[in-house]
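Data from data.txt: compact mmCIF, C-alpha atoms
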# COMPACT_ATOMS: atom_id res chain seq x y z
CA MET L 9 0.00 0.00 0.00
CA ILE L 10 2.85 2.35 0.87
CA ALA L 11 4.48 1.55 -2.44
CA ASN L 12 1.17 2.28 -4.03
CA LEU L 13 0.98 5.70 -2.31
CA VAL L 14 4.53 6.56 -3.30
CA GLN L 15 3.71 5.65 -6.82
CA LEU L 16 0.59 7.78 -6.64
CA ALA L 17 2.57 10.72 -5.30
CA ALA L 18 5.10 10.34 -8.05
CA GLU L 19 2.34 10.13 -10.60
CA GLU L 20 0.82 13.38 -9.35
CA LYS L 21 1.70 15.99 -11.84
CA GLU L 22 2.45 18.62 -9.24
CA ASN L 23 4.90 18.35 -6.37
CA PRO L 24 3.60 20.43 -3.43
CA LEU L 25 7.13 21.63 -2.68
CA VAL L 26 7.78 23.03 -6.14
CA PRO L 27 6.28 26.48 -6.41
CA PRO L 28 4.32 27.15 -9.58
CA GLY L 29 5.42 30.26 -11.43
CA PRO L 30 2.16 32.15 -11.77
CA GLU L 31 1.48 31.78 -8.06
CA LEU L 32 4.94 33.15 -7.23
CA LEU L 33 4.11 36.17 -9.34
CA ILE L 34 0.73 36.75 -7.74
CA GLY L 35 2.20 36.25 -4.27
CA ALA L 36 4.95 38.75 -4.99
CA ILE L 37 2.48 41.28 -6.32
CA ALA L 38 0.07 40.83 -3.42
CA PHE L 39 2.83 41.21 -0.85
CA ALA L 40 4.45 44.10 -2.68
CA ILE L 41 1.17 46.01 -2.58
CA VAL L 42 0.84 45.47 1.15
CA PHE L 43 4.47 46.30 1.83
CA PHE L 44 4.53 49.55 -0.14
CA PHE L 45 1.26 50.68 1.33
CA PHE L 46 2.54 50.13 4.83
CA TRP L 47 5.98 51.54 4.07
CA LYS L 48 4.99 54.67 2.22
CA LYS L 49 1.60 55.57 3.54
CA LEU L 50 0.16 53.91 6.60
CA LEU L 51 3.11 53.62 8.94
CA PRO L 52 4.37 57.19 8.40
CA THR L 53 0.84 58.41 9.15
CA ILE L 54 0.46 56.41 12.33
CA ASN L 55 4.02 57.13 13.44
CA LYS L 56 3.35 60.84 13.10
CA VAL L 57 0.22 60.49 15.21
CA LEU L 58 2.02 58.39 17.80
CA GLU L 59 4.77 60.99 17.96
CA GLU L 60 2.18 63.75 18.34
CA ARG L 61 0.53 61.79 21.11
CA ARG L 62 3.85 61.30 22.83
CA THR L 63 4.63 65.02 22.72
CA ALA L 64 1.08 65.83 23.79
CA ILE L 65 1.42 63.57 26.80
CA GLU L 66 4.83 64.96 27.59
CA GLY L 67 3.47 68.49 27.16
CA GLY L 68 0.63 67.64 29.51
CA ILE L 69 3.06 66.28 32.05
CA GLU L 70 5.21 69.39 31.77
CA GLU L 71 2.17 71.61 32.17
CA ALA L 72 1.09 69.67 35.23
CA GLU L 73 4.61 70.00 36.59
CA ALA L 74 4.55 73.76 36.05
CA MET L 75 1.14 74.03 37.70
CA LYS L 76 2.37 72.03 40.65
CA VAL L 77 5.35 74.34 41.07
CA GLU L 78 3.09 77.36 40.85
CA ALA L 79 0.67 75.92 43.37
CA GLN L 80 3.59 75.21 45.66
CA SER L 81 4.85 78.78 45.43
CA VAL L 82 1.35 80.17 46.00
CA LEU L 83 0.95 77.93 49.02
CA GLU L 84 4.27 79.10 50.42
CA GLN L 85 3.35 82.70 49.80
CA TYR L 86 0.03 82.18 51.52
CA LYS L 87 1.69 80.47 54.44
CA ALA L 88 4.18 83.31 54.76
CA GLN L 89 1.37 85.85 54.69
CA LEU L 90 -0.54 83.91 57.27
CA ALA L 91 2.49 83.75 59.55
CA GLU L 92 3.06 87.44 59.08
CA ALA L 93 -0.56 88.21 59.90
CA ARG L 94 -0.35 86.06 63.01
CA HIS L 95 2.80 87.86 64.05
CA GLU L 96 1.20 91.23 63.44
CA ALA L 97 -1.86 90.24 65.48
CA ALA L 98 0.33 89.10 68.35
CA ARG L 99 2.27 92.34 68.18
CA LEU L 100 -0.92 94.42 68.22
CA ARG L 101 -2.25 92.47 71.16
CA GLN L 102 0.97 92.98 73.02
CA GLU L 103 0.95 96.66 72.23
CA ALA L 104 -2.64 97.04 73.37
CA GLN L 105 -1.84 95.27 76.58
CA GLU L 106 1.09 97.52 77.17
CA GLN L 107 -0.92 100.60 76.39
CA GLY L 108 -3.70 99.44 78.68
CA ALA L 109 -1.26 98.81 81.51
CA ALA L 110 0.32 102.21 80.99
CA LEU L 111 -3.10 103.87 80.98
CA ILE L 112 -4.11 102.13 84.20
CA ALA L 113 -0.85 103.10 85.87
CA GLU L 114 -1.27 106.67 84.75
CA MET L 115 -4.82 106.85 86.02
CA ARG L 116 -3.78 105.30 89.28
CA ALA L 117 -1.04 107.90 89.68
CA GLU L 118 -3.49 110.67 88.82
CA GLY L 119 -5.97 109.36 91.40
CA GLN L 120 -3.24 109.19 93.97
CA ARG L 121 -2.23 112.72 93.23
CA GLN L 122 -5.79 114.02 93.46
CA ARG L 123 -6.37 112.17 96.69
CA GLU L 124 -3.23 113.64 98.18
CA GLU L 125 -4.24 117.09 97.02
CA ILE L 126 -7.64 116.74 98.65
CA VAL L 127 -6.14 115.41 101.86
CA THR L 128 -3.59 118.19 101.96
CA ALA L 129 -6.25 120.80 101.33
CA GLY L 130 -8.35 119.26 104.15
CA HIS L 131 -5.42 119.29 106.50
CA SER L 132 -4.56 122.91 105.89
CA GLN L 133 -8.22 123.87 106.23
CA ILE L 134 -8.42 122.07 109.54
CA GLU L 135 -5.22 123.74 110.66
CA ALA L 136 -6.50 127.14 109.71
CA ASP L 137 -9.81 126.48 111.44
CA ARG L 138 -8.02 125.26 114.51
CA LYS L 139 -5.80 128.33 114.58
CA ALA L 140 -8.77 130.63 114.14
CA ALA L 141 -10.64 128.77 116.87
CA ALA L 142 -7.64 128.92 119.17
CA SER L 143 -7.09 132.62 118.75
CA ALA L 144 -10.83 133.32 119.16
CA LEU L 145 -10.86 131.17 122.25
CA ARG L 146 -7.84 132.88 123.68
CA GLN L 147 -9.43 136.26 123.22
CA ASP L 148 -12.65 135.09 124.76
CA VAL L 149 -10.94 133.42 127.69
CA GLY L 150 -8.88 136.55 128.27
CA SER L 151 -11.82 138.84 128.29
CA LEU L 152 -13.87 136.50 130.39
CA ALA L 153 -11.09 136.13 132.93
CA THR L 154 -10.50 139.87 133.09
CA GLU L 155 -14.14 140.54 133.47
CA LEU L 156 -14.41 137.99 136.18
CA ALA L 157 -11.40 139.35 138.02
CA GLY L 158 -12.73 142.86 137.61
CA LYS L 159 -15.96 141.85 139.22
CA LEU L 160 -14.04 140.24 142.03
CA VAL L 161 -11.76 143.16 142.58
CA GLY L 162 -14.44 145.58 142.02
CA GLU L 163 -12.91 147.73 139.45
CA SER L 164 -12.24 147.38 135.89
CA LEU L 165 -8.96 145.78 135.16
CA GLU L 166 -9.66 145.45 131.59
CA ASP L 167 -7.41 148.01 130.11
CA HIS L 168 -4.66 147.36 132.52
CA ALA L 169 -4.70 143.69 131.93
CA ARG L 170 -4.58 144.32 128.32
CA GLN L 171 -1.62 146.50 128.65
CA SER L 172 0.30 144.15 130.82
CA ARG L 173 -0.43 141.14 128.79
CA VAL L 174 -0.81 139.10 131.90
CA ILE L 175 -3.45 136.95 130.51
CA ASP L 176 -1.55 136.14 127.39
CA ARG L 177 1.42 135.12 129.35
CA PHE L 178 -0.75 132.96 131.62
CA LEU L 179 -2.31 131.26 128.65
CA ASP L 180 1.05 130.62 127.00
CA GLU L 181 2.27 129.04 130.17
CA LEU L 182 -0.81 126.89 130.20
CA GLU L 183 -0.17 125.77 126.65
CA GLU L 184 3.42 125.00 127.39
CA LYS L 185 2.36 122.86 130.34
CA ALA L 186 -0.09 121.02 128.15
CA GLU L 187 2.57 120.49 125.54
CA ALA L 188 4.98 119.15 128.11
CA ALA L 189 2.34 116.82 129.54
CA ARG L 190 1.63 115.36 126.21
CA MET Y 5 -7.71 10.29 -7.71
CA SER Y 6 -7.60 7.07 -5.74
CA ASP Y 7 -10.68 5.19 -4.68
CA ASN Y 8 -10.28 2.49 -2.08
CA GLY Y 9 -13.74 1.05 -2.61
CA CYS Y 10 -15.97 2.62 -0.01
CA GLY Y 11 -16.40 5.87 -1.89
CA PHE Y 12 -14.91 8.08 0.87
CA PRO Y 13 -13.51 11.15 -0.82
CA ALA Y 14 -10.26 11.26 1.17
CA PRO Y 15 -8.47 14.59 1.01
CA GLY Y 16 -5.05 14.60 -0.58
CA LEU Y 17 -2.89 16.65 -2.86
CA HIS Y 18 -5.87 17.14 -5.10
CA SER Y 19 -7.37 19.26 -2.28
CA PHE Y 20 -4.66 21.78 -3.07
CA MET Y 21 -5.26 21.93 -6.79
CA PHE Y 22 -7.72 24.40 -8.21
CA GLU Y 23 -9.24 24.68 -11.60
CA PRO Y 24 -8.66 28.15 -13.04
CA LEU Y 25 -11.50 30.58 -12.49
CA PHE Y 26 -10.65 32.20 -15.79
CA THR Y 27 -7.73 32.31 -18.17
CA VAL Y 28 -6.17 35.42 -19.63
CA GLY Y 29 -3.83 34.69 -22.49
CA GLY Y 30 -2.60 31.41 -21.05
CA PHE Y 31 -2.41 32.78 -17.51
CA GLU Y 32 -4.65 30.62 -15.37
CA PHE Y 33 -6.18 32.63 -12.57
CA ASN Y 34 -7.39 30.38 -9.75
CA LYS Y 35 -9.14 30.74 -6.40
CA VAL Y 36 -5.92 30.92 -4.37
CA MET Y 37 -4.61 33.80 -6.44
CA LEU Y 38 -7.88 35.59 -5.88
CA LEU Y 39 -7.59 34.97 -2.13
CA ALA Y 40 -4.00 36.26 -2.14
CA LEU Y 41 -5.12 39.48 -3.79
CA ILE Y 42 -8.10 39.78 -1.44
CA THR Y 43 -5.61 39.39 1.40
CA SER Y 44 -3.85 42.52 0.24
CA VAL Y 45 -7.15 44.33 -0.01
CA VAL Y 46 -8.24 43.20 3.46
CA VAL Y 47 -4.95 44.14 5.14
CA ILE Y 48 -4.72 47.51 3.42
CA GLY Y 49 -8.43 48.11 3.89
CA PHE Y 50 -8.33 47.47 7.60
CA PHE Y 51 -5.24 49.54 8.26
CA SER Y 52 -6.44 52.35 6.02
CA ALA Y 53 -9.65 52.46 8.01
CA ALA Y 54 -7.70 52.32 11.26
CA PHE Y 55 -4.85 54.72 10.42
CA GLY Y 56 -6.25 56.72 7.49
CA LYS Y 57 -7.67 59.42 9.70
CA ALA Y 58 -5.44 58.68 12.67
CA LYS Y 59 -6.07 60.92 15.63
CA VAL Y 60 -4.01 61.66 18.70
CA VAL Y 61 -6.95 60.42 20.75
CA PRO Y 62 -7.70 57.12 18.99
CA GLY Y 63 -11.07 55.64 18.14
CA LYS Y 64 -11.84 51.97 18.68
CA LEU Y 65 -10.64 50.81 15.27
CA GLN Y 66 -7.47 52.85 15.49
CA MET Y 67 -6.82 51.39 18.93
CA VAL Y 68 -7.07 47.85 17.55
CA GLY Y 69 -4.81 48.75 14.64
CA GLU Y 70 -2.31 50.37 16.96
CA ALA Y 71 -2.33 47.32 19.23
CA GLY Y 72 -1.50 45.08 16.26
CA TYR Y 73 1.13 47.48 14.97
CA ASP Y 74 2.68 47.82 18.41
CA PHE Y 75 2.68 44.07 18.91
CA VAL Y 76 4.91 43.58 15.88
CA ARG Y 77 6.95 46.72 16.39
CA ARG Y 78 7.70 46.40 20.09
CA GLY Y 79 6.97 42.74 20.67
CA ILE Y 80 9.00 41.36 17.79
CA VAL Y 81 11.23 43.90 16.05
CA TYR Y 82 12.45 45.91 19.05
CA GLU Y 83 12.87 42.72 21.06
CA THR Y 84 15.12 41.03 18.52
CA ILE Y 85 16.87 43.72 16.47
CA GLY Y 86 16.65 46.54 18.99
CA LYS Y 87 14.99 49.91 18.74
CA ARG Y 88 17.78 51.85 17.05
CA GLU Y 89 18.62 49.39 14.25
CA GLY Y 90 15.18 47.78 14.10
CA GLU Y 91 13.13 50.87 13.23
CA LYS Y 92 14.13 50.56 9.57
CA TYR Y 93 12.69 47.05 9.29
CA VAL Y 94 9.38 47.75 11.01
CA PRO Y 95 7.41 48.31 7.77
CA LEU Y 96 8.68 45.01 6.32
CA MET Y 97 7.94 43.02 9.45
CA VAL Y 98 4.53 44.58 10.05
CA SER Y 99 3.41 43.93 6.49
CA LEU Y 100 4.84 40.40 6.62
CA PHE Y 101 2.99 39.60 9.83
CA PHE Y 102 -0.43 40.82 8.80
CA PHE Y 103 -0.15 39.54 5.24
CA ILE Y 104 0.74 36.04 6.46
CA TRP Y 105 -1.84 36.06 9.22
CA ILE Y 106 -4.69 36.97 6.90
CA MET Y 107 -3.49 34.45 4.29
CA ASN Y 108 -3.62 31.80 7.02
CA ILE Y 109 -7.00 32.88 8.37
CA TRP Y 110 -8.71 32.16 5.02
CA SER Y 111 -8.50 28.56 6.16
CA VAL Y 112 -11.52 28.96 8.43
CA ILE Y 113 -13.45 31.68 6.62
CA PRO Y 114 -16.61 30.26 5.00
CA LEU Y 115 -16.54 30.20 1.18
CA ALA Y 116 -12.78 30.78 1.13
CA GLN Y 117 -11.86 27.87 3.39
CA PHE Y 118 -8.36 27.59 2.09
CA PRO Y 119 -5.12 28.87 3.63
CA VAL Y 120 -3.28 30.70 0.89
CA SER Y 121 0.02 29.90 2.59
CA SER Y 122 -0.54 26.16 2.08
CA ILE Y 123 0.54 26.71 -1.51
CA ILE Y 124 4.34 26.75 -1.30
CA ALA Y 125 4.66 29.63 -3.77
CA TYR Y 126 3.35 32.22 -1.30
CA PRO Y 127 5.59 31.35 1.68
CA ALA Y 128 8.46 30.95 -0.81
CA VAL Y 129 8.04 34.50 -2.09
CA LEU Y 130 8.00 35.89 1.43
CA ALA Y 131 10.95 33.77 2.58
CA GLY Y 132 12.75 34.91 -0.55
CA VAL Y 133 12.15 38.56 0.30
CA VAL Y 134 13.54 37.98 3.80
CA TYR Y 135 16.47 35.97 2.39
CA VAL Y 136 17.46 38.71 -0.03
CA THR Y 137 17.08 41.31 2.69
CA TRP Y 138 19.41 39.72 5.18
CA MET Y 139 21.88 38.51 2.53
CA VAL Y 140 22.25 42.03 1.12
CA LEU Y 141 22.53 43.41 4.64
CA THR Y 142 25.25 40.96 5.59
CA PHE Y 143 27.54 41.92 2.71
CA LYS Y 144 26.70 45.60 2.92
CA ARG Y 145 27.52 45.69 6.60
CA HIS Y 146 30.64 43.51 6.67
CA GLY Y 147 32.01 43.63 3.14
CA PHE Y 148 32.61 40.49 1.10
CA ALA Y 149 35.09 38.67 3.36
CA GLY Y 150 33.43 39.86 6.56
CA GLY Y 151 30.02 38.89 5.24
CA PHE Y 152 31.28 35.46 4.35
CA LYS Y 153 32.75 35.05 7.81
CA ASN Y 154 29.47 36.22 9.33
CA ILE Y 155 27.45 33.69 7.36
CA THR Y 156 29.82 30.78 7.99
CA GLY Y 157 30.37 31.43 11.69
CA TYR Y 158 34.12 31.76 11.04
CA ASP Y 159 35.97 31.61 14.36
CA LYS Y 160 39.72 30.87 14.58
CA SER Y 161 39.48 29.47 18.08
CA LEU Y 162 37.69 26.43 16.63
CA GLY Y 163 41.04 25.17 15.32
CA ALA Y 164 40.94 21.92 13.41
CA VAL Y 165 37.16 21.67 13.10
CA LEU Y 166 36.98 25.15 11.56
CA PRO Y 167 36.71 23.93 7.93
CA LEU Y 168 33.95 21.53 8.88
CA VAL Y 169 32.02 24.23 10.77
CA VAL Y 170 32.42 26.66 7.89
CA VAL Y 171 31.05 24.14 5.41
CA ILE Y 172 28.13 23.14 7.61
CA GLU Y 173 27.22 26.70 8.56
CA PHE Y 174 27.46 27.88 4.98
CA PHE Y 175 25.21 25.10 3.79
CA SER Y 176 22.80 25.59 6.71
CA ASN Y 177 22.51 29.35 6.40
CA VAL Y 178 22.68 29.85 2.67
CA PHE Y 179 20.67 26.89 1.41
CA VAL Y 180 18.66 25.32 4.21
CA ARG Y 181 17.56 28.43 6.03
CA PRO Y 182 15.31 29.97 3.34
CA PHE Y 183 13.91 26.55 2.58
CA THR Y 184 12.97 25.78 6.19
CA HIS Y 185 11.72 29.29 6.65
CA ALA Y 186 9.20 28.86 3.85
CA VAL Y 187 8.39 25.21 4.46
CA ARG Y 188 7.70 25.72 8.18
CA LEU Y 189 4.81 28.01 7.36
CA PHE Y 190 3.71 26.03 4.33
CA ALA Y 191 3.70 22.64 6.09
CA ASN Y 192 1.79 23.91 9.11
CA MET Y 193 -0.93 25.37 6.96
CA PHE Y 194 -0.92 22.40 4.62
CA ALA Y 195 -1.36 19.91 7.47
CA GLY Y 196 -3.95 22.09 9.14
CA HIS Y 197 -5.99 22.29 5.99
CA LEU Y 198 -5.75 18.53 5.46
CA LEU Y 199 -7.06 17.92 8.97
CA LEU Y 200 -9.92 20.36 8.57
CA VAL Y 201 -10.93 18.88 5.22
CA MET Y 202 -10.58 15.41 6.64
CA PHE Y 203 -12.96 15.98 9.53
CA THR Y 204 -15.39 18.11 7.57
CA VAL Y 205 -15.70 15.58 4.77
CA ALA Y 206 -15.85 12.70 7.25
CA SER Y 207 -18.73 14.22 9.22
CA TRP Y 208 -20.71 14.61 5.99
CA TYR Y 209 -19.74 11.17 4.73
CA LEU Y 210 -20.52 9.37 8.00
CA LEU Y 211 -23.89 11.09 8.27
CA ASN Y 212 -24.98 9.08 5.23
CA SER Y 213 -23.55 5.78 6.48
CA TRP Y 214 -24.45 3.34 9.23
CA LEU Y 215 -21.96 5.00 11.63
CA VAL Y 216 -24.01 8.13 12.35
CA VAL Y 217 -22.39 8.63 15.77
CA GLY Y 218 -19.09 8.99 13.98
CA ALA Y 219 -20.48 12.01 12.18
CA GLY Y 220 -21.07 13.73 15.53
CA VAL Y 221 -17.58 12.94 16.73
CA SER Y 222 -16.14 14.10 13.46
CA PHE Y 223 -18.08 17.34 13.57
CA ALA Y 224 -16.94 17.98 17.14
CA MET Y 225 -13.39 17.40 15.98
CA THR Y 226 -13.92 19.88 13.16
CA VAL Y 227 -14.93 22.56 15.65
CA VAL Y 228 -11.97 21.76 17.89
CA MET Y 229 -9.60 21.79 14.93
CA ILE Y 230 -10.94 25.14 13.75
CA MET Y 231 -10.10 26.66 17.12
CA PHE Y 232 -6.72 25.00 17.12
CA GLU Y 233 -6.06 26.23 13.59
CA LEU Y 234 -6.95 29.79 14.59
CA PHE Y 235 -4.22 29.52 17.18
CA VAL Y 236 -1.72 27.92 14.80
CA GLN Y 237 -2.38 30.54 12.13
CA ALA Y 238 -1.42 33.36 14.48
CA VAL Y 239 1.53 31.47 15.90
CA GLN Y 240 2.94 30.66 12.47
CA ALA Y 241 2.66 34.27 11.35
CA TYR Y 242 4.45 35.27 14.56
CA VAL Y 243 7.16 32.61 14.12
CA PHE Y 244 7.79 33.59 10.51
CA VAL Y 245 8.29 37.25 11.43
CA LEU Y 246 10.32 36.39 14.52
CA LEU Y 247 12.68 34.29 12.42
CA ALA Y 248 12.90 37.01 9.80
CA CYS Y 249 13.88 39.44 12.54
CA SER Y 250 16.47 37.12 13.99
CA TYR Y 251 18.01 36.62 10.51
CA VAL Y 252 18.23 40.37 10.04
CA GLN Y 253 19.67 40.74 13.51
CA GLY Y 254 22.25 38.06 12.73
CA ALA Y 255 23.22 39.89 9.56
CA LEU Y 256 23.66 43.15 11.45
CA SER Y 257 25.57 41.73 14.42
CA GLU Y 258 29.36 41.78 14.47
CA SER Y 259 30.14 38.17 15.23
CA HIS Y 260 27.73 35.49 14.31
Output the structure of this file as structure tokens.
Amino acid sequence: MIANLVQLAAEEKENPLVPPGPELLIGAIAFAIVFFFFWKKLLPTINKVLEERRTAIEGGIEEAEAMKVEAQSVLEQYKAQLAEARHEAARLRQEAQEQGAALIAEMRAEGQRQREEIVTAGHSQIEADRKAAASALRQDVGSLATELAGKLVGESLEDHARQSRVIDRFLDELEEKAEAAR
Amino acid sequence: MSDNGCGFPAPGLHSFMFEPLFTVGGFEFNKVMLLALITSVVVIGFFSAAFGKAKVVPGKLQMVGEAGYDFVRRGIVYETIGKREGEKYVPLMVSLFFFIWIMNIWSVIPLAQFPVSSIIAYPAVLAGVVYVTWMVLTFKRHGFAGGFKNITGYDKSLGAVLPLVVVIEFFSNVFVRPFTHAVRLFANMFAGHLLLVMFTVASWYLLNSWLVVGAGVSFAMTVVMIMFELFVQAVQAYVFVLLACSYVQGALSESH
């Protein structure tokens, strides 16, 4: 049977491993068409587009990078401003505190001064009153004593007493004794 | 055609012979030639539709086209030859890959149902193109003596066996290589087609015989084989282009 098959194969007019001429030609033409179309037209087109896409993507990345940098700088600027504002606020608060303290101290000093003024005025008034009262009293006591003595003696000693200043002297002595006792 | 008595129309070489569709001045134009030309139309048609109005933001079709293009460009050419040297050969390899793939796919397309590449002429043309390409490159790159050394794997450190290696390498690279390159694709498609025809014809034949169950099995096998063939078709296109790239790379490299 194998011999039969071999014989059959040999009898076949065409050997499958021997390429027929017309088919070679058609194959070459068909492939040549495809090759030239790809080579000259399609691949340059798509390569251009791929290149464009690549640059577009790279451009996009660059743009994003630039935006990031800008955002960073804006953020830093904002942060700096915020810090500055905080600093300023703290400074103002401090200043206000200081001013307030100074104001209170000033007012306290003013109050003190006024109080002292009033007290001093009161003291001098009292002193003046006391002096006036003392001199009035002295005069009254003098005249009363003279009058009394005059009644006892029976004549008026008024003028004489005045002239001799006895009463004054007596009163001074009295005062001195009181001073010493104190 | 042989007939072993039961009337089963077994597939054979006659399955690869076609009567001419028409004849122009002695030139017999058959179905396979028509399919080969339609292959060109399909490949160019698809990629024109995909890349014709290519946009930076791709549509669906362009995306598919780009994926295929990128597969060959990055996946095969850049991987073997490298990006710098390989860029020049991208158009050749891309057209080779898609041309071969579509030629193979006709095997399972209704009405066509014949892989163009199972006729040796078509793989032979393509292998020839690759052969000429890398041969020319070898001598252009290394000069006559250098090119010869490159092809024969000339290496002084081999010593006494050097003449033997030179002879074997020369024979292997210059004569066997283009032959195996073409026949690998051809034989795969040839065998695949035989299997498909076998099971398809058998399921029809057994349906009309007493072994009806066999028809079911045969049909199931046909479906399985179609899926397997779809895989083989892509793989063979890939292998053909990969080998082409490695030949070009070998021609460009300094020492073989």
Residue hits in chain Y, query chain L, radius 8 Å, only C-alpha atoms, as an MDAnalysis selection string: chainID Y and resid 17 31:32 37 40:41 43:44 47:48 51:52 55:56 58:61 95:96 98:100 103 123:126 128:130
Atom pair CA of Cys249 in chain Y + CA of Gly196 in chain Y, distance 25.1 Å
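Distances here use all atoms listed in the file; by that measure, the residue among Y:Val81, Y:Ala54, Y:Leu39, Y:Val140 closest to Trp110 in chain Y is Y:Leu39.
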Distance in Å - CA of Val120 in chain Y versus CA of Met107 in chain Y: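 Calculated distance between CA of Val120 in chain Y and CA of Met107 in chain Y is 5.1 Å.
Counting from CA of Ile80 in chain Y, the distance to CA of Tyr135 in chain Y is 17.9 Å.
Across Y:Ser207, Y:Thr226, Y:Asn34, Y:Asn192, the tightest approach to Val239 in chain Y is made by Y:Asn192 when counting all atoms listed in the file.
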